[in-house]
$ cat entry_22.tsv   # TSV, C-alpha atoms and all ligand atoms
chain	number	residue	atom	x	y	z
A	1176	MET	CA	98.80	117.13	114.27
A	1177	LYS	CA	99.66	115.94	110.77
A	1178	THR	CA	100.51	112.36	109.94
A	1179	LEU	CA	102.09	111.07	106.76
A	1180	VAL	CA	101.95	107.37	105.91
A	1181	ILE	CA	104.53	106.19	103.37
A	1182	LEU	CA	104.18	102.81	101.65
A	1183	ILE	CA	107.35	101.17	100.34
A	1184	SER	CA	108.51	97.84	98.94
A	1185	GLY	CA	112.29	98.12	98.75
A	1186	ARG	CA	115.21	100.54	98.79
A	1187	GLY	CA	113.21	103.49	100.07
A	1188	SER	CA	115.25	106.37	98.67
A	1189	ASN	CA	112.12	108.43	97.93
A	1190	MET	CA	110.86	107.66	101.43
A	1191	GLN	CA	114.19	108.87	102.77
A	1192	ALA	CA	113.92	112.08	100.74
A	1193	LEU	CA	110.47	112.65	102.26
A	1194	LEU	CA	111.63	111.93	105.81
A	1195	GLU	CA	114.63	114.24	105.46
A	1196	ALA	CA	112.75	117.12	103.86
A	1197	GLY	CA	111.57	118.81	107.05
A	1198	LEU	CA	107.93	118.47	106.03
A	1199	PRO	CA	105.20	120.03	108.19
A	1200	ILE	CA	104.23	116.75	109.85
A	1201	ASN	CA	104.17	115.52	113.43
A	1202	ARG	CA	104.41	111.85	112.63
A	1203	ALA	CA	105.58	109.60	109.81
A	1204	VAL	CA	104.64	105.95	109.58
A	1205	VAL	CA	106.35	103.72	107.01
A	1206	ILE	CA	104.67	100.48	105.97
A	1207	SER	CA	106.31	97.89	103.72
A	1208	ASN	CA	104.68	94.87	102.11
A	1209	ASN	CA	108.13	93.27	102.02
A	1210	PRO	CA	109.90	92.29	105.27
A	1211	ASP	CA	113.30	92.57	103.58
A	1212	ALA	CA	112.81	96.14	102.35
A	1213	GLU	CA	116.01	98.08	103.03
A	1214	GLY	CA	113.87	101.17	103.55
A	1215	LEU	CA	112.46	99.82	106.82
A	1216	LYS	CA	115.81	100.18	108.59
A	1217	ILE	CA	116.40	103.61	107.10
A	1218	ALA	CA	112.94	104.72	108.28
A	1219	GLU	CA	113.68	103.59	111.84
A	1220	SER	CA	117.06	105.30	111.83
A	1221	LEU	CA	115.31	108.52	110.83
A	1222	GLY	CA	112.83	108.30	113.70
A	1223	ALA	CA	109.79	107.10	111.75
A	1224	ARG	CA	107.57	104.27	112.89
A	1225	ALA	CA	108.37	101.36	110.54
A	1226	LEU	CA	106.32	98.22	110.13
A	1227	CYS	CA	105.64	95.44	107.67
A	1228	ILE	CA	102.46	93.83	106.44
A	1229	ASN	CA	103.75	90.97	104.34
A	1230	HIS	CA	101.50	90.46	101.32
A	1231	ARG	CA	102.59	86.80	101.23
A	1232	ASP	CA	100.66	86.21	104.47
A	1233	PHE	CA	97.38	86.87	102.65
A	1234	GLN	CA	95.39	84.71	100.24
A	1235	ASP	CA	94.56	87.40	97.75
A	1236	ARG	CA	94.84	91.07	96.92
A	1237	GLU	CA	91.59	92.03	98.64
A	1238	THR	CA	92.46	90.54	102.03
A	1239	PHE	CA	95.92	92.12	101.92
A	1240	ASP	CA	94.47	95.49	100.96
A	1241	THR	CA	91.93	95.25	103.79
A	1242	ALA	CA	94.68	94.54	106.34
A	1243	LEU	CA	96.78	97.36	104.91
A	1244	ALA	CA	93.86	99.79	105.11
A	1245	THR	CA	93.11	98.74	108.70
A	1246	GLU	CA	96.70	99.54	109.68
A	1247	ILE	CA	96.72	102.81	107.75
A	1248	ASN	CA	93.45	103.91	109.35
A	1249	ARG	CA	94.83	103.38	112.86
A	1250	HIS	CA	97.20	106.26	112.16
A	1251	GLN	CA	94.56	108.58	110.67
A	1252	PRO	CA	96.93	110.01	108.07
A	1253	ASN	CA	96.37	113.27	106.26
A	1254	LEU	CA	98.18	111.84	103.26
A	1255	ILE	CA	99.38	108.44	102.04
A	1256	ALA	CA	102.43	108.53	99.77
A	1257	LEU	CA	103.38	105.51	97.66
A	1258	ALA	CA	107.17	105.51	97.38
A	1259	GLY	CA	108.29	102.57	95.30
A	1260	PHE	CA	105.32	100.53	96.55
A	1261	MET	CA	105.24	97.76	93.96
A	1262	ARG	CA	101.80	96.26	94.63
A	1263	ILE	CA	98.76	96.99	92.54
A	1264	LEU	CA	96.05	98.32	94.82
A	1265	SER	CA	92.43	97.23	94.49
A	1266	HIS	CA	89.72	99.57	93.32
A	1267	ASP	CA	88.09	99.68	96.79
A	1268	PHE	CA	91.38	100.58	98.45
A	1269	VAL	CA	92.05	103.42	96.05
A	1270	GLN	CA	88.47	104.64	96.31
A	1271	GLN	CA	88.54	105.07	100.08
A	1272	TYR	CA	91.64	107.28	99.93
A	1273	GLN	CA	90.72	109.24	96.83
A	1274	GLY	CA	92.28	112.71	96.94
A	1275	ARG	CA	94.79	111.84	99.66
A	1276	LEU	CA	96.76	109.03	98.01
A	1277	ILE	CA	99.70	110.00	95.81
A	1278	ASN	CA	102.42	108.17	93.91
A	1279	ILE	CA	105.74	108.86	92.27
A	1280	HIS	CA	106.46	107.22	88.94
A	1281	PRO	CA	109.75	107.25	86.98
A	1282	SER	CA	108.46	108.59	83.66
A	1283	LEU	CA	106.74	111.60	82.21
A	1284	LEU	CA	103.23	110.16	82.46
A	1285	PRO	CA	101.15	109.31	80.52
A	1286	ALA	CA	104.24	107.92	78.74
A	1287	TYR	CA	105.54	104.60	80.04
A	1288	PRO	CA	103.25	103.45	82.83
A	1289	GLY	CA	104.27	100.15	84.44
A	1290	LEU	CA	107.74	98.68	84.82
A	1291	HIS	CA	111.09	99.23	83.05
A	1292	THR	CA	110.34	102.84	82.16
A	1293	HIS	CA	113.98	103.77	81.54
A	1294	ARG	CA	114.53	100.84	79.19
A	1295	HIS	CA	111.39	101.76	77.25
A	1296	ALA	CA	112.49	105.39	77.00
A	1297	LEU	CA	115.87	104.33	75.58
A	1298	GLN	CA	114.25	101.87	73.15
A	1299	GLU	CA	111.88	104.57	71.89
A	1300	GLY	CA	114.76	106.99	71.46
A	1301	VAL	CA	113.09	109.82	73.36
A	1302	LYS	CA	115.39	112.73	74.09
A	1303	ILE	CA	113.63	113.88	77.24
A	1304	HIS	CA	112.52	111.59	80.07
A	1305	GLY	CA	111.59	112.24	83.68
A	1306	CYS	CA	109.30	111.57	86.59
A	1307	THR	CA	105.80	112.39	87.79
A	1308	VAL	CA	103.97	112.78	91.09
A	1309	HIS	CA	100.26	112.12	90.67
A	1310	PHE	CA	97.11	111.39	92.63
A	1311	VAL	CA	96.31	107.70	92.48
A	1312	THR	CA	93.26	106.39	90.65
A	1313	ALA	CA	92.16	102.81	90.05
A	1314	THR	CA	94.18	102.79	86.80
A	1315	VAL	CA	97.82	101.93	87.47
A	1316	ASP	CA	100.27	104.85	87.07
A	1317	HIS	CA	97.50	107.19	86.05
A	1318	GLY	CA	95.79	110.12	87.72
A	1319	PRO	CA	95.83	113.89	88.16
A	1320	ILE	CA	99.39	115.15	87.86
A	1321	VAL	CA	100.85	117.36	90.61
A	1322	ILE	CA	104.40	117.94	89.37
A	1323	GLN	CA	106.80	116.55	86.78
A	1324	ALA	CA	110.54	116.88	86.25
A	1325	ALA	CA	112.21	116.43	82.87
A	1326	VAL	CA	115.78	115.25	82.34
A	1327	PRO	CA	117.74	114.91	79.10
A	1328	VAL	CA	118.51	111.48	77.69
A	1329	MET	CA	122.22	111.30	76.86
A	1330	PRO	CA	123.48	109.51	73.72
A	1331	ASP	CA	125.51	107.00	75.74
A	1332	ASP	CA	122.93	106.42	78.47
A	1333	THR	CA	122.37	102.99	79.95
A	1334	SER	CA	119.09	102.25	81.74
A	1335	GLN	CA	120.96	102.57	85.03
A	1336	ALA	CA	122.55	105.91	84.19
A	1337	LEU	CA	119.21	107.28	83.08
A	1338	ALA	CA	117.49	105.85	86.17
A	1339	ASN	CA	120.03	107.58	88.42
A	1340	ARG	CA	119.46	110.93	86.71
A	1341	VAL	CA	115.68	110.55	87.02
A	1342	LEU	CA	115.94	109.40	90.66
A	1343	GLN	CA	117.75	112.59	91.64
A	1344	ALA	CA	114.82	114.54	90.20
A	1345	GLU	CA	112.35	112.25	92.01
A	1346	HIS	CA	113.99	113.18	95.30
A	1347	ARG	CA	113.35	116.86	94.52
A	1348	ILE	CA	109.76	116.72	93.30
A	1349	TYR	CA	108.25	114.26	95.78
A	1350	PRO	CA	108.92	116.31	98.93
A	1351	GLN	CA	107.70	119.39	97.06
A	1352	ALA	CA	104.42	117.73	96.09
A	1353	VAL	CA	103.84	116.43	99.63
A	1354	ARG	CA	104.61	119.85	101.10
A	1355	TRP	CA	102.08	121.49	98.74
A	1356	PHE	CA	99.45	118.95	99.76
A	1357	LEU	CA	100.06	119.39	103.48
A	1358	GLN	CA	100.02	123.18	103.11
A	1359	ASP	CA	96.67	122.91	101.33
A	1360	GLN	CA	98.03	124.37	98.10
A	1361	LEU	CA	96.60	121.74	95.72
A	1362	ARG	CA	93.20	122.02	94.05
A	1363	LEU	CA	91.80	119.17	92.03
A	1364	SER	CA	89.31	119.77	89.24
A	1365	GLY	CA	88.61	116.67	87.18
A	1366	GLN	CA	91.99	115.49	85.91
A	1367	VAL	CA	93.68	118.83	86.50
A	1368	VAL	CA	95.60	119.85	89.60
A	1369	THR	CA	96.39	123.50	90.20
A	1370	VAL	CA	99.01	124.61	92.70
A	1371	SER	CA	98.35	127.88	94.45
A	1372	ARG	CA	101.29	130.24	95.01
A	1373	ALA	CA	103.57	128.05	92.85
A	1374	THR	CA	106.18	129.76	90.72
A	1375	THR	CA	106.03	129.30	86.97
A	1376	HIS	CA	108.77	129.69	84.42
A	1377	ASP	CA	108.96	129.51	80.68
A	1378	SER	CA	112.34	127.87	80.21
A	1379	VAL	CA	112.62	125.21	77.52
A	1380	ILE	CA	114.74	122.07	77.67
A	1381	TYR	CA	116.39	121.27	74.34
A	1382	SER	CA	117.81	117.78	74.11
A	1383	PRO	CA	120.25	117.56	72.38
A	1384	GLY	CA	121.10	121.22	72.93
A	1385	LEU	CA	120.72	123.74	70.11
A	1386	GLN	CA	123.73	124.71	68.00
A	1387	ASN	CA	123.98	127.79	65.83
B	1401	LIG	C1	111.40	104.85	92.15
B	1401	LIG	O1	112.12	105.12	90.97
B	1401	LIG	C2	109.92	105.05	91.95
B	1401	LIG	O2	109.65	106.13	91.09
B	1401	LIG	C3	109.53	103.74	91.32
B	1401	LIG	O3	110.24	102.77	92.04
B	1401	LIG	C4	111.47	103.35	92.48
B	1401	LIG	C5	111.58	103.11	93.96
B	1401	LIG	O4	112.82	103.53	94.45
B	1401	LIG	N1	108.12	103.55	91.39
B	1401	LIG	C6	107.40	102.96	90.44
B	1401	LIG	O5	107.89	102.46	89.45
B	1401	LIG	C7	105.90	102.94	90.68
B	1401	LIG	N2	105.20	102.62	89.49
B	1401	LIG	P1	113.01	103.90	95.98
B	1401	LIG	O6	112.49	102.68	96.77
B	1401	LIG	O7	114.47	104.09	96.15
B	1401	LIG	O8	112.20	105.12	96.26

$ encode --input "entry_22.tsv" --output "structure tokens" --more "lines below"
Ligand code: GAR
Amino acid sequence: MKTLVILISGRGSNMQALLEAGLPINRAVVISNNPDAEGLKIAESLGARALCINHRDFQDRETFDTALATEINRHQPNLIALAGFMRILSHDFVQQYQGRLINIHPSLLPAYPGLHTHRHALQEGVKIHGCTVHFVTATVDHGPIVIQAAVPVMPDDTSQALANRVLQAEHRIYPQAVRWFLQDQLRLSGQVVTVSRATTHDSVIYSPGLQN
């Protein structure tokens, strides 16, 4: 019996990608800190248990995190996946789930932690951008990296166009990372994650493309 808990705050497209991926789980529970999260309805329509713990009902971060952990623990999840969960989690919360709490972030970490990653990438003029799935540590958007996807930055990109291109890649790598975890294919050694039985390839992304 495997249970996946997914934490969301809004749209929930990564959550949807996880729920539609045919993962080896018996149960999915989606928890939002925001009662208006569109993802809650999507979760229900896909047969997941969906519930809200509104952070505004709590005085401070610690009491919210305690309530969230109490709810999570009722479900005894194998893995907790943050999917657009836009609350900073306290050190104690992260500590108790160390090694079974993962996050997806829309940049090639360690570049651009925090918000507005696509805007920063465009401002910096990088030619390759992307997304990262990583184990969560007490430092925001930091931790052992499981998988990354790189996308080219186009000369006429807007933040939105770039975000859309990255999001498509997010929907590919997050289910893959969760599947590896649930199939016990991930090994963590310090900051480094190794994936057993993963394929490797040596292709190079050139952006802009090479011309002879
Ligand atoms: C995604 O792009 C996710 O990577 C990002 O929020 C978006 C949520 O979209 N997460 C972070 O920035 C976390 N630091 P979604 O609700 O449609 O999955």

$ residues_near_ligand --input "entry_22.tsv" --ligand "ligand LIG 1401 (chain B)" --cutoff "6 Å" --atoms "all atoms listed in the file" --output "list in words"
Gly1185, Arg1186, Gly1187, Ser1188, Asn1189, Met1190, Ala1258, Gly1259, Ile1279, His1280, Pro1281, Gly1289, Leu1290, Asp1316 and Leu1342 of chain A

$ closest_residue --input "entry_22.tsv" --among "A:Thr1292, A:Gln1234, A:Asn1253, A:Thr1312" --to "A:Ala1203" --atoms "all atoms listed in the file"
A:Asn1253

$ atom_distance --input "entry_22.tsv" --atom1 "atom CA of A:Phe1233" --atom2 "atom CA of A:Val1269"
18.6 Å

$ residues_around --input "entry_22.tsv" --residues "A:Ala1196" --least-positions-apart "4" --cutoff "10 Å" --atoms "all atoms listed in the file" --output "VMD selection string"
chain A and resid 1190 to 1192 1346 to 1347 1349 to 1351 1353 to 1354

$ residues_around --input "entry_22.tsv" --residues "A:Cys1306" --least-positions-apart "4" --cutoff "7 Å" --atoms "all atoms listed in the file" --output "CSV table (one decimal) with C-alpha atoms, in the coordinates of the input"
chain,number,residue,atom,x,y,z
A,1280,HIS,CA,106.5,107.2,88.9
A,1281,PRO,CA,109.8,107.2,87.0
A,1282,SER,CA,108.5,108.6,83.7
A,1283,LEU,CA,106.7,111.6,82.2
A,1323,GLN,CA,106.8,116.6,86.8
A,1324,ALA,CA,110.5,116.9,86.2
A,1325,ALA,CA,112.2,116.4,82.9
A,1341,VAL,CA,115.7,110.6,87.0
A,1345,GLU,CA,112.4,112.2,92.0

$ closest_residue --input "entry_22.tsv" --among "A:Ser1364, A:Ser1382, A:Ile1277, A:Arg1294" --to "A:Ile1322" --atoms "all atoms listed in the file"
A:Ile1277

$ residues_near_point --input "entry_22.tsv" --point "(109.6, 108.6, 79.7)" --cutoff "6 Å" --atoms "all atoms listed in the file" --output "mmCIF file with C-alpha atoms, in the coordinates of the input"
data_model
loop_
_atom_site.group_PDB
_atom_site.id
_atom_site.type_symbol
_atom_site.label_atom_id
_atom_site.label_comp_id
_atom_site.auth_asym_id
_atom_site.auth_seq_id
_atom_site.Cartn_x
_atom_site.Cartn_y
_atom_site.Cartn_z
ATOM 1 C CA SER A 1282 108.460 108.590 83.660
ATOM 2 C CA LEU A 1283 106.740 111.600 82.210
ATOM 3 C CA ALA A 1286 104.240 107.920 78.740
ATOM 4 C CA TYR A 1287 105.540 104.600 80.040
ATOM 5 C CA ALA A 1296 112.490 105.390 77.000
ATOM 6 C CA HIS A 1304 112.520 111.590 80.070
ATOM 7 C CA GLY A 1305 111.590 112.240 83.680
#

$ atom_distance --input "entry_22.tsv" --atom1 "atom CA of A:Val1311" --atom2 "atom CA of A:His1266"
10.5 Å

$ closest_residue --input "entry_22.tsv" --among "A:Val1180, A:Ala1313, A:Val1328, A:Val1321" --to "A:Trp1355" --atoms "all atoms listed in the file"
A:Val1321

$ residues_around --input "entry_22.tsv" --residues "A:Gln1251" --least-positions-apart "6" --cutoff "9 Å" --atoms "all atoms listed in the file" --output "list in words"
Lys1177, Thr1178, Leu1179 and Val1180 of chain A

$ residues_near_point --input "entry_22.tsv" --point "(90.2, 105.8, 98.5)" --cutoff "12 Å" --atoms "all atoms listed in the file" --output "list in words"
Asp1240, Thr1241, Ala1244, Ile1247, Asn1248, Leu1254, Ile1255, Leu1264, Ser1265, His1266, Asp1267, Phe1268, Val1269, Gln1270, Gln1271, Tyr1272, Gln1273, Gly1274, Arg1275, Leu1276, Ile1277, Phe1310, Val1311, Thr1312 and Ala1313 of chain A

$ atom_distance --input "entry_22.tsv" --atom1 "atom CA of A:Pro1288" --atom2 "atom CA of A:Gln1360"
26.4 Å

$ closest_residue --input "entry_22.tsv" --among "A:Val1204, A:Val1326, A:Ala1212, A:Ala1256" --to "A:Phe1356" --atoms "all atoms listed in the file"
A:Ala1256

$ closest_residue --input "entry_22.tsv" --among "A:Ile1348, A:Ala1336, A:Ala1223, A:Ile1380" --to "A:His1309" --atoms "all atoms listed in the file"
A:Ile1348

$ closest_residue --input "entry_22.tsv" --among "A:Ile1181, A:Ala1373, A:Ile1320, A:Ala1352" --to "A:Gly1214" --atoms "all atoms listed in the file"
A:Ile1181
